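Enquirer: So that we are looking at the same thing, I have put the structure below in structure tokens.
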Amino acid sequence: VQQYYEKYFEVELGKFSRGEFEFWVEAYIDNELVGWATFEREKANKNAVYMDLLIVAPQHQGKGIGGALVQSLLTLNIIPELSSVHLLLRKKIKAAQSFIKRLDFMRMKLI
């Protein structure tokens with residue numbers, strides 16, 4: 001699992017370096033990277049972002065890290081007028097649906 005996430009991190013970091021994502025936030029515990037999320041501004045609404053990716057290492061899930069990453073753009077005040085965070089959620093990923101419900105998102109679009 002660790003090798004998978006390390007490789008995935010490198011691929012995503014390359015995309016960010018090329019400007020494919022506008023915002024990249026990371027979570028650390030004791031100097032160990034345990035999660036990250038990528039966001040980009042919505043083209044039609046500059047006060048909204050699309051969360052492209054959210055990853056938390058399996059051994060650190062259930063500790064509030066994912067929620068903190070999602071809330072990071074608000075708490076860091078990166079976009080002062082941020083009005084919404086958009087995302088797509090796969091129907092078959094039940095754990096993700098439960099996670100999003102705990103964050104109290106008002107609307108979810110399941111695909």
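Identifiers for the structure tokens are assigned positionally: chains receive A, B, ... in sequence, residues are indexed from 1 per chain, and ligands are indexed from 1 in the order shown.
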Contacts of segment 28-45 of chain A at 8 Å or less, counting only C-alpha atoms, minus same-chain residues fewer than 2 places along, as a list of chain:residue names?

Expert: A:Phe21, A:Glu22, A:Phe23, A:Trp24, A:Val25, A:Glu26, A:Asn47, A:Ala48, A:Val49, A:Tyr50, A:Met51, A:Asp52, A:Leu53, A:Leu54, A:Ile55, A:Val56, A:Ala57, A:His60, A:Ile65, A:Gly66, A:Leu69, A:Val70

Enquirer: Could you please write out, as a list in words, every residue of segment 6-39 of chain A that DSSP assigns to helix (DSSP H, G or I)?

Expert: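 Filtering segment 6-39 of chain A to helix (DSSP H, G or I) leaves Glu6, Lys7, Tyr8, Phe9, Glu10, Val11, Glu12, Leu13, Gly14, Lys15, Phe16 and Ser17 of chain A.
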
Enquirer: Name the residues of segment 7-91 of chain A that come out as strand (DSSP E or B) in a backbone DSSP run; write them as a PyMOL selection string.

Expert: chain A and resi 23-29+32-41+48-56+84-86+89

Enquirer: Find, counting only C-alpha atoms, the residue in A:Gln71, A:Pro58, A:Phe9, A:Ala27 that gets nearest to Val85 of chain A.

Expert: A:Gln71
